[in-house]
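K.L.:
input_20.cif is reproduced in full below (mmCIF, N, CA and C atoms).
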data_protein
loop_
_atom_site.label_atom_id
_atom_site.label_comp_id
_atom_site.auth_asym_id
_atom_site.auth_seq_id
_atom_site.Cartn_x
_atom_site.Cartn_y
_atom_site.Cartn_z
N MET A 169 304.17 86.23 160.54
CA MET A 169 303.02 87.08 160.76
C MET A 169 303.50 88.44 161.23
N PRO A 170 302.97 89.55 160.67
CA PRO A 170 303.41 90.89 161.07
C PRO A 170 303.06 91.16 162.53
N GLN A 171 303.88 91.92 163.18
CA GLN A 171 303.65 92.31 164.57
C GLN A 171 302.71 93.51 164.59
N ALA A 172 301.66 93.42 165.39
CA ALA A 172 300.74 94.55 165.53
C ALA A 172 301.46 95.71 166.19
N VAL A 173 301.10 96.93 165.79
CA VAL A 173 301.72 98.12 166.35
C VAL A 173 301.32 98.27 167.81
N SER A 174 300.13 97.86 168.16
CA SER A 174 299.63 97.96 169.51
C SER A 174 298.71 96.78 169.75
N GLY A 175 298.08 96.73 170.89
CA GLY A 175 297.12 95.67 171.08
C GLY A 175 297.11 95.05 172.46
N LYS A 176 297.46 95.80 173.48
CA LYS A 176 297.36 95.28 174.84
C LYS A 176 295.90 95.06 175.17
N GLY A 177 295.63 94.18 176.14
CA GLY A 177 294.26 93.97 176.60
C GLY A 177 293.68 92.69 176.05
N ALA A 178 292.55 92.29 176.66
CA ALA A 178 291.89 91.04 176.30
C ALA A 178 290.68 91.24 175.38
N GLY A 179 290.31 92.48 175.11
CA GLY A 179 289.17 92.74 174.22
C GLY A 179 287.83 92.62 174.92
N THR A 180 287.83 92.81 176.27
CA THR A 180 286.60 92.81 177.04
C THR A 180 286.35 94.22 177.57
N ARG A 181 285.14 94.45 178.07
CA ARG A 181 284.81 95.76 178.64
C ARG A 181 285.77 96.09 179.79
N GLU A 182 286.09 95.09 180.60
CA GLU A 182 286.96 95.29 181.76
C GLU A 182 288.43 95.43 181.36
N ASP A 183 288.83 94.82 180.26
CA ASP A 183 290.22 94.82 179.81
C ASP A 183 290.26 95.01 178.29
N PRO A 184 289.90 96.22 177.82
CA PRO A 184 289.82 96.44 176.37
C PRO A 184 291.19 96.39 175.70
N TRP A 185 291.14 96.14 174.38
CA TRP A 185 292.37 96.25 173.60
C TRP A 185 292.76 97.72 173.59
N ILE A 186 294.03 97.99 173.71
CA ILE A 186 294.53 99.35 173.54
C ILE A 186 295.24 99.35 172.20
N LEU A 187 294.65 100.03 171.24
CA LEU A 187 295.11 100.00 169.86
C LEU A 187 295.53 101.39 169.41
N THR A 188 296.16 101.44 168.26
CA THR A 188 296.59 102.69 167.66
C THR A 188 296.03 102.75 166.24
N THR A 189 295.58 103.93 165.83
CA THR A 189 295.09 104.11 164.47
C THR A 189 296.22 103.77 163.49
N PRO A 190 295.89 103.41 162.26
CA PRO A 190 296.94 103.01 161.30
C PRO A 190 298.10 103.99 161.17
N PRO A 191 297.89 105.32 161.13
CA PRO A 191 299.05 106.21 161.05
C PRO A 191 299.86 106.26 162.35
N GLY A 192 299.32 105.70 163.43
CA GLY A 192 300.03 105.69 164.69
C GLY A 192 299.90 106.96 165.50
N ARG A 193 298.99 107.84 165.11
CA ARG A 193 298.86 109.14 165.78
C ARG A 193 297.96 109.12 167.01
N SER A 194 296.99 108.21 167.03
CA SER A 194 296.00 108.23 168.11
C SER A 194 295.80 106.84 168.70
N GLU A 195 295.71 106.81 170.01
CA GLU A 195 295.43 105.56 170.72
C GLU A 195 293.94 105.50 171.02
N TYR A 196 293.37 104.31 171.00
CA TYR A 196 291.97 104.14 171.35
C TYR A 196 291.78 102.76 171.98
N ARG A 197 290.61 102.55 172.54
CA ARG A 197 290.28 101.28 173.19
C ARG A 197 289.14 100.62 172.42
N ALA A 198 289.16 99.29 172.38
CA ALA A 198 288.10 98.55 171.70
C ALA A 198 287.85 97.24 172.43
N TYR A 199 286.59 96.81 172.38
CA TYR A 199 286.24 95.52 172.97
C TYR A 199 284.99 94.96 172.30
N ARG A 200 284.83 93.66 172.47
CA ARG A 200 283.63 92.98 171.97
C ARG A 200 282.55 93.06 173.05
N ASP A 201 281.35 93.47 172.66
CA ASP A 201 280.21 93.45 173.56
C ASP A 201 279.17 92.52 172.95
N GLU A 202 279.28 91.24 173.28
CA GLU A 202 278.38 90.24 172.71
C GLU A 202 277.00 90.29 173.35
N SER A 203 276.84 90.99 174.48
CA SER A 203 275.54 91.10 175.14
C SER A 203 274.70 92.24 174.57
N ALA A 204 275.32 93.11 173.76
CA ALA A 204 274.58 94.22 173.16
C ALA A 204 273.60 93.68 172.12
N ASP A 205 272.60 94.47 171.80
CA ASP A 205 271.62 94.09 170.78
C ASP A 205 271.61 95.15 169.68
N PRO A 206 272.24 94.89 168.55
CA PRO A 206 272.97 93.68 168.17
C PRO A 206 274.37 93.66 168.82
N PRO A 207 275.01 92.48 168.84
CA PRO A 207 276.38 92.40 169.37
C PRO A 207 277.27 93.44 168.67
N ALA A 208 278.16 94.06 169.45
CA ALA A 208 278.90 95.20 168.92
C ALA A 208 280.39 95.12 169.20
N LEU A 209 281.14 95.76 168.31
CA LEU A 209 282.53 96.10 168.54
C LEU A 209 282.47 97.54 169.05
N VAL A 210 282.86 97.76 170.28
CA VAL A 210 282.78 99.08 170.90
C VAL A 210 284.15 99.73 170.85
N VAL A 211 284.20 100.94 170.32
CA VAL A 211 285.45 101.69 170.18
C VAL A 211 285.30 102.98 170.98
N THR A 212 286.27 103.25 171.85
CA THR A 212 286.25 104.47 172.64
C THR A 212 287.48 105.30 172.30
N VAL A 213 287.21 106.52 171.81
CA VAL A 213 288.26 107.47 171.44
C VAL A 213 288.04 108.70 172.31
N GLY A 214 288.91 108.90 173.29
CA GLY A 214 288.67 109.98 174.24
C GLY A 214 287.36 109.70 174.97
N SER A 215 286.41 110.63 174.88
CA SER A 215 285.11 110.42 175.52
C SER A 215 284.04 109.97 174.52
N THR A 216 284.43 109.77 173.27
CA THR A 216 283.48 109.37 172.24
C THR A 216 283.43 107.86 172.10
N GLU A 217 282.22 107.31 172.08
CA GLU A 217 282.05 105.87 171.90
C GLU A 217 281.40 105.61 170.54
N LEU A 218 282.06 104.80 169.73
CA LEU A 218 281.52 104.37 168.45
C LEU A 218 281.19 102.89 168.58
N ARG A 219 280.17 102.44 167.89
CA ARG A 219 279.79 101.03 167.91
C ARG A 219 279.59 100.56 166.49
N TYR A 220 280.16 99.41 166.21
CA TYR A 220 280.01 98.76 164.91
C TYR A 220 279.45 97.36 165.15
N ARG A 221 278.68 96.86 164.22
CA ARG A 221 278.17 95.49 164.34
C ARG A 221 279.36 94.54 164.48
N LEU A 222 279.28 93.64 165.44
CA LEU A 222 280.40 92.76 165.74
C LEU A 222 280.76 91.87 164.56
N GLU A 223 279.78 91.52 163.74
CA GLU A 223 280.09 90.66 162.58
C GLU A 223 280.99 91.35 161.56
N CYS A 224 281.25 92.66 161.74
CA CYS A 224 282.13 93.37 160.81
C CYS A 224 283.52 92.73 160.79
N ILE A 225 283.96 92.16 161.90
CA ILE A 225 285.29 91.56 161.95
C ILE A 225 285.38 90.39 160.96
N ASP A 226 284.46 89.44 161.07
CA ASP A 226 284.49 88.29 160.17
C ASP A 226 284.14 88.68 158.73
N ASP A 227 283.17 89.58 158.57
CA ASP A 227 282.77 89.98 157.23
C ASP A 227 283.89 90.71 156.50
N LEU A 228 284.59 91.61 157.20
CA LEU A 228 285.69 92.34 156.56
C LEU A 228 286.82 91.37 156.22
N HIS A 229 287.13 90.47 157.11
CA HIS A 229 288.19 89.49 156.82
C HIS A 229 287.83 88.66 155.59
N ARG A 230 286.57 88.23 155.49
CA ARG A 230 286.12 87.44 154.34
C ARG A 230 286.26 88.24 153.04
N MET A 231 285.84 89.51 153.07
CA MET A 231 285.93 90.35 151.87
C MET A 231 287.39 90.50 151.45
N LEU A 232 288.27 90.76 152.41
CA LEU A 232 289.69 90.92 152.09
C LEU A 232 290.28 89.64 151.52
N ALA A 233 289.92 88.51 152.09
CA ALA A 233 290.42 87.21 151.60
C ALA A 233 289.94 86.95 150.18
N GLU A 234 288.68 87.30 149.90
CA GLU A 234 288.14 87.11 148.55
C GLU A 234 288.86 88.01 147.55
N ARG A 235 289.18 89.22 147.94
CA ARG A 235 289.90 90.14 147.05
C ARG A 235 291.32 89.66 146.81
N GLY A 236 291.95 89.13 147.86
CA GLY A 236 293.30 88.60 147.72
C GLY A 236 294.38 89.64 147.45
N ASP A 237 294.12 90.89 147.75
CA ASP A 237 295.09 91.94 147.49
C ASP A 237 294.89 93.06 148.50
N TRP A 238 295.74 94.06 148.43
CA TRP A 238 295.63 95.23 149.30
C TRP A 238 294.37 96.02 148.95
N VAL A 239 293.71 96.58 149.99
CA VAL A 239 292.55 97.45 149.83
C VAL A 239 292.81 98.71 150.65
N ALA A 240 292.61 99.86 150.02
CA ALA A 240 292.79 101.14 150.72
C ALA A 240 291.82 101.25 151.89
N LEU A 241 292.27 101.87 152.99
CA LEU A 241 291.39 102.03 154.15
C LEU A 241 290.33 103.09 153.90
N GLY A 242 290.73 104.25 153.40
CA GLY A 242 289.76 105.28 153.03
C GLY A 242 288.95 105.87 154.17
N ASN A 243 289.55 106.13 155.28
CA ASN A 243 288.88 106.66 156.46
C ASN A 243 288.08 107.94 156.14
N ALA A 244 286.82 108.00 156.62
CA ALA A 244 285.99 109.20 156.43
C ALA A 244 284.90 109.26 157.49
N ASP A 245 284.55 110.48 157.90
CA ASP A 245 283.41 110.67 158.80
C ASP A 245 282.13 110.26 158.08
N GLU A 246 281.09 110.01 158.85
CA GLU A 246 279.81 109.57 158.29
C GLU A 246 279.25 110.56 157.27
N ASN A 247 279.39 111.86 157.53
CA ASN A 247 278.79 112.86 156.64
C ASN A 247 279.63 113.19 155.42
N LYS A 248 280.77 112.51 155.26
CA LYS A 248 281.61 112.73 154.09
C LYS A 248 281.62 111.48 153.22
N PRO A 249 281.76 111.64 151.92
CA PRO A 249 281.81 110.45 151.06
C PRO A 249 283.07 109.62 151.31
N ALA A 250 282.91 108.33 151.26
CA ALA A 250 284.06 107.43 151.43
C ALA A 250 284.77 107.28 150.09
N PRO A 251 286.09 107.21 150.11
CA PRO A 251 286.82 106.98 148.86
C PRO A 251 286.37 105.68 148.21
N GLU A 252 286.21 105.72 146.92
CA GLU A 252 285.75 104.57 146.15
C GLU A 252 286.67 103.36 146.35
N ASP A 253 286.06 102.18 146.41
CA ASP A 253 286.76 100.90 146.50
C ASP A 253 287.69 100.82 147.73
N SER A 254 287.21 101.35 148.85
CA SER A 254 287.99 101.35 150.09
C SER A 254 287.27 100.53 151.15
N VAL A 255 287.97 100.23 152.23
CA VAL A 255 287.36 99.57 153.38
C VAL A 255 286.22 100.42 153.92
N GLU A 256 286.43 101.72 154.00
CA GLU A 256 285.38 102.64 154.48
C GLU A 256 284.14 102.56 153.61
N ALA A 257 284.32 102.58 152.28
CA ALA A 257 283.17 102.50 151.38
C ALA A 257 282.45 101.17 151.53
N TRP A 258 283.20 100.08 151.66
CA TRP A 258 282.60 98.77 151.84
C TRP A 258 281.81 98.72 153.15
N GLY A 259 282.30 99.37 154.21
CA GLY A 259 281.64 99.35 155.51
C GLY A 259 280.31 100.07 155.56
N ARG A 260 279.95 100.75 154.47
CA ARG A 260 278.66 101.45 154.41
C ARG A 260 277.88 101.11 153.15
N SER A 261 278.39 100.18 152.37
CA SER A 261 277.80 99.85 151.07
C SER A 261 276.57 98.94 151.16
N PRO A 262 275.59 99.18 150.31
CA PRO A 262 274.45 98.27 150.24
C PRO A 262 274.85 96.89 149.70
N GLU A 263 276.08 96.79 149.19
CA GLU A 263 276.57 95.52 148.64
C GLU A 263 277.30 94.65 149.67
N ASN A 264 277.53 95.16 150.88
CA ASN A 264 278.21 94.34 151.89
C ASN A 264 277.21 93.33 152.49
N PRO A 265 277.66 92.37 153.29
CA PRO A 265 276.78 91.31 153.78
C PRO A 265 275.56 91.77 154.58
N ILE A 266 275.63 92.93 155.24
CA ILE A 266 274.46 93.39 155.99
C ILE A 266 273.64 94.41 155.21
N GLY A 267 274.12 94.80 154.02
CA GLY A 267 273.37 95.71 153.16
C GLY A 267 273.39 97.16 153.59
N GLY A 268 274.48 97.60 154.21
CA GLY A 268 274.58 99.00 154.61
C GLY A 268 275.60 99.22 155.70
N TRP A 269 275.36 100.22 156.51
CA TRP A 269 276.29 100.66 157.54
C TRP A 269 276.54 99.60 158.60
N TYR A 270 277.82 99.34 158.92
CA TYR A 270 278.17 98.53 160.08
C TYR A 270 278.12 99.39 161.34
N GLY A 271 278.30 100.70 161.20
CA GLY A 271 278.21 101.61 162.34
C GLY A 271 276.79 101.63 162.87
N LEU A 272 276.66 101.65 164.20
CA LEU A 272 275.35 101.52 164.83
C LEU A 272 274.76 102.83 165.35
N ARG A 273 275.57 103.85 165.54
CA ARG A 273 275.07 105.09 166.13
C ARG A 273 275.07 106.21 165.09
N LYS A 274 273.86 106.63 164.69
CA LYS A 274 273.75 107.69 163.70
C LYS A 274 274.58 108.89 164.13
N GLY A 275 275.34 109.42 163.19
CA GLY A 275 276.24 110.53 163.46
C GLY A 275 277.64 110.06 163.81
N LEU A 276 277.77 108.77 164.20
CA LEU A 276 279.07 108.19 164.56
C LEU A 276 279.29 106.86 163.83
N ARG A 277 278.71 106.75 162.64
CA ARG A 277 278.83 105.48 161.91
C ARG A 277 280.07 105.41 161.02
N GLY A 278 280.71 106.53 160.78
CA GLY A 278 281.89 106.56 159.93
C GLY A 278 283.15 106.13 160.66
N ARG A 279 284.28 106.38 160.04
CA ARG A 279 285.61 106.04 160.57
C ARG A 279 285.84 104.54 160.70
N PHE A 280 285.03 103.76 160.00
CA PHE A 280 285.18 102.30 159.97
C PHE A 280 286.58 101.94 159.51
N GLY A 281 287.08 102.63 158.49
CA GLY A 281 288.40 102.35 157.93
C GLY A 281 289.55 102.77 158.84
N ASN A 282 289.25 103.47 159.91
CA ASN A 282 290.27 103.91 160.85
C ASN A 282 290.36 103.01 162.08
N TYR A 283 289.20 102.55 162.56
CA TYR A 283 289.16 101.84 163.83
C TYR A 283 289.01 100.33 163.73
N VAL A 284 288.42 99.81 162.67
CA VAL A 284 288.23 98.36 162.57
C VAL A 284 289.49 97.64 162.06
N PRO A 285 290.23 98.16 161.07
CA PRO A 285 291.42 97.45 160.60
C PRO A 285 292.44 97.09 161.69
N PRO A 286 292.76 97.98 162.64
CA PRO A 286 293.71 97.57 163.68
C PRO A 286 293.21 96.40 164.55
N VAL A 287 291.89 96.26 164.67
CA VAL A 287 291.34 95.12 165.41
C VAL A 287 291.67 93.84 164.66
N LEU A 288 291.44 93.82 163.35
CA LEU A 288 291.77 92.64 162.55
C LEU A 288 293.27 92.35 162.61
N GLU A 289 294.07 93.39 162.58
CA GLU A 289 295.51 93.19 162.67
C GLU A 289 295.88 92.57 164.01
N HIS A 290 295.33 93.09 165.09
CA HIS A 290 295.62 92.56 166.41
C HIS A 290 295.21 91.09 166.53
N LEU A 291 294.10 90.72 165.90
CA LEU A 291 293.61 89.35 165.95
C LEU A 291 294.37 88.41 165.00
N GLY A 292 295.32 88.96 164.24
CA GLY A 292 296.09 88.15 163.31
C GLY A 292 295.36 87.79 162.04
N LEU A 293 294.31 88.56 161.71
CA LEU A 293 293.50 88.29 160.52
C LEU A 293 293.92 89.12 159.31
N ALA A 294 294.66 90.18 159.56
CA ALA A 294 295.02 91.09 158.46
C ALA A 294 296.33 91.78 158.74
N GLU A 295 296.93 92.26 157.66
CA GLU A 295 298.11 93.10 157.72
C GLU A 295 297.65 94.51 157.38
N VAL A 296 298.08 95.49 158.16
CA VAL A 296 297.69 96.89 157.95
C VAL A 296 298.95 97.71 157.80
N GLU A 297 298.96 98.59 156.80
CA GLU A 297 300.09 99.51 156.65
C GLU A 297 299.99 100.60 157.71
N HIS A 298 301.15 101.17 158.07
CA HIS A 298 301.20 102.19 159.11
C HIS A 298 301.98 103.41 158.63
N ASN A 299 301.59 103.92 157.47
CA ASN A 299 302.19 105.13 156.92
C ASN A 299 301.45 106.35 157.44
N ALA A 300 301.98 107.52 157.18
CA ALA A 300 301.32 108.76 157.61
C ALA A 300 299.96 108.95 156.91
N ARG A 301 299.83 108.44 155.66
CA ARG A 301 298.59 108.60 154.88
C ARG A 301 298.44 107.41 153.93
N ASN A 302 297.22 107.31 153.40
CA ASN A 302 296.91 106.36 152.33
C ASN A 302 297.27 104.91 152.68
N ASN A 303 296.89 104.49 153.88
CA ASN A 303 297.18 103.12 154.30
C ASN A 303 296.23 102.13 153.67
N ARG A 304 296.71 100.89 153.61
CA ARG A 304 295.93 99.79 153.03
C ARG A 304 295.99 98.60 153.98
N MET A 305 295.14 97.60 153.67
CA MET A 305 295.18 96.35 154.44
C MET A 305 294.91 95.19 153.52
N ARG A 306 295.31 94.01 153.98
CA ARG A 306 295.01 92.77 153.25
C ARG A 306 294.86 91.64 154.25
N ALA A 307 294.14 90.62 153.85
CA ALA A 307 293.89 89.46 154.71
C ALA A 307 295.16 88.64 154.86
N LEU A 308 295.30 88.01 156.01
CA LEU A 308 296.35 87.03 156.25
C LEU A 308 295.75 85.64 156.21
#
Starting from the coordinates I provided, produce the structure as structure tokens.
P.N.:
Amino acid sequence: MPQAVSGKGAGTREDPWILTTPPGRSEYRAYRDESADPPALVVTVGSTELRYRLECIDDLHRMLAERGDWVALGNADENKPAPEDSVEAWGRSPENPIGGWYGLRKGLRGRFGNYVPPVLEHLGLAEVEHNARNNRMRAL
């Protein structure tokens, strides 16, 4: 199993995971908030908090396993188009299991392809590339 680039912490509000974006340039914190409505994966980058539906972890892993191959991450802000056939595009597609955006906060729903893949990698569910650009991931 590949070694995660980062991943200290227990994934709770009190002891969040300390993760690194796929290119390794930025550190961020993430944790599961199962008490939120809906339950959320909370990501904190500096003073910015992003929230994604917690089921994104299992849903993304299932999609990757079904594909059985590498999928481009395709990181993009909410107001920019996501690269076609990427994790980012899937995270906002009407064809995904929730029928749209996994991001919960309007204006901060993007960057799914930047912050969710390292969580799956840390949990041992996926392998993520760590190049300067054009990273991909696949299910384990």
K.L.:
Mind checking which residues fall within 6 Å of A:Thr189, counting all atoms listed in the file, ignoring those fewer than 6 positions away in the same chain, and posting them as an NGL selection string?
P.N.:
:A and (195-196 or 282)
K.L.:
Could you save those same residues with N, CA and C atoms as a PDB file, keeping the file's coordinate frame?
P.N.:
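Below is the file again_36.pdb, written as the result:
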ATOM      1  N   GLU A 195     295.710 106.810 170.010  1.00  0.00           N
ATOM      2  CA  GLU A 195     295.430 105.560 170.720  1.00  0.00           C
ATOM      3  C   GLU A 195     293.940 105.500 171.020  1.00  0.00           C
ATOM      4  N   TYR A 196     293.370 104.310 171.000  1.00  0.00           N
ATOM      5  CA  TYR A 196     291.970 104.140 171.350  1.00  0.00           C
ATOM      6  C   TYR A 196     291.780 102.760 171.980  1.00  0.00           C
ATOM      7  N   ASN A 282     289.250 103.470 159.910  1.00  0.00           N
ATOM      8  CA  ASN A 282     290.270 103.910 160.850  1.00  0.00           C
ATOM      9  C   ASN A 282     290.360 103.010 162.080  1.00  0.00           C
TER      10      ASN A 282
END
K.L.:
In terms of the shortest atom-to-atom distance over only C-alpha atoms, which of A:Arg219, A:Arg181, A:His229, A:Arg277 is closest to A:Glu295?
P.N.:
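Using only C-alpha atoms, the shortest distance to A:Glu295 belongs to A:His229.
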K.L.:
Show which residues sit within 10 Å of A:Pro265, as an MDAnalysis selection string. Count only C-alpha atoms, and ignore same-chain residues fewer than 4 positions away.
P.N.:
chainID A and resid 223:224 227:228 231 258:259 261 270
K.L.:
What would the selection look like, as a PDB file with N, CA and C atoms, in the coordinates of the input, if the PyMOL selection byres ((chain A and resi 239) around 6.5) were run on the coordinates I just shared?
P.N.:
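Saved as selection_18.pdb:
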ATOM      1  N   ASP A 237     294.120  90.890 147.750  1.00  0.00           N
ATOM      2  CA  ASP A 237     295.090  91.940 147.490  1.00  0.00           C
ATOM      3  C   ASP A 237     294.890  93.060 148.500  1.00  0.00           C
ATOM      4  N   TRP A 238     295.740  94.060 148.430  1.00  0.00           N
ATOM      5  CA  TRP A 238     295.630  95.230 149.300  1.00  0.00           C
ATOM      6  C   TRP A 238     294.370  96.020 148.950  1.00  0.00           C
ATOM      7  N   ALA A 240     292.610  99.860 150.020  1.00  0.00           N
ATOM      8  CA  ALA A 240     292.790 101.140 150.720  1.00  0.00           C
ATOM      9  C   ALA A 240     291.820 101.250 151.890  1.00  0.00           C
ATOM     10  N   LEU A 241     292.270 101.870 152.990  1.00  0.00           N
ATOM     11  CA  LEU A 241     291.390 102.030 154.150  1.00  0.00           C
ATOM     12  C   LEU A 241     290.330 103.090 153.900  1.00  0.00           C
ATOM     13  N   ASP A 253     286.060 102.180 146.410  1.00  0.00           N
ATOM     14  CA  ASP A 253     286.760 100.900 146.500  1.00  0.00           C
ATOM     15  C   ASP A 253     287.690 100.820 147.730  1.00  0.00           C
ATOM     16  N   SER A 254     287.210 101.350 148.850  1.00  0.00           N
ATOM     17  CA  SER A 254     287.990 101.350 150.090  1.00  0.00           C
ATOM     18  C   SER A 254     287.270 100.530 151.150  1.00  0.00           C
ATOM     19  N   VAL A 255     287.970 100.230 152.230  1.00  0.00           N
ATOM     20  CA  VAL A 255     287.360  99.570 153.380  1.00  0.00           C
ATOM     21  C   VAL A 255     286.220 100.420 153.920  1.00  0.00           C
ATOM     22  N   ASN A 303     296.890 104.490 153.880  1.00  0.00           N
ATOM     23  CA  ASN A 303     297.180 103.120 154.300  1.00  0.00           C
ATOM     24  C   ASN A 303     296.230 102.130 153.670  1.00  0.00           C
ATOM     25  N   ARG A 304     296.710 100.890 153.610  1.00  0.00           N
ATOM     26  CA  ARG A 304     295.930  99.790 153.030  1.00  0.00           C
ATOM     27  C   ARG A 304     295.990  98.600 153.980  1.00  0.00           C
ATOM     28  N   MET A 305     295.140  97.600 153.670  1.00  0.00           N
ATOM     29  CA  MET A 305     295.180  96.350 154.440  1.00  0.00           C
ATOM     30  C   MET A 305     294.910  95.190 153.520  1.00  0.00           C
ATOM     31  N   ARG A 306     295.310  94.010 153.980  1.00  0.00           N
ATOM     32  CA  ARG A 306     295.010  92.770 153.250  1.00  0.00           C
ATOM     33  C   ARG A 306     294.860  91.640 154.250  1.00  0.00           C
TER      34      ARG A 306
END
K.L.:
Which value, in Å to one decimal, gives the distance between atom CA of A:Thr216 and atom C of A:Arg260?
P.N.:
21.5 Å
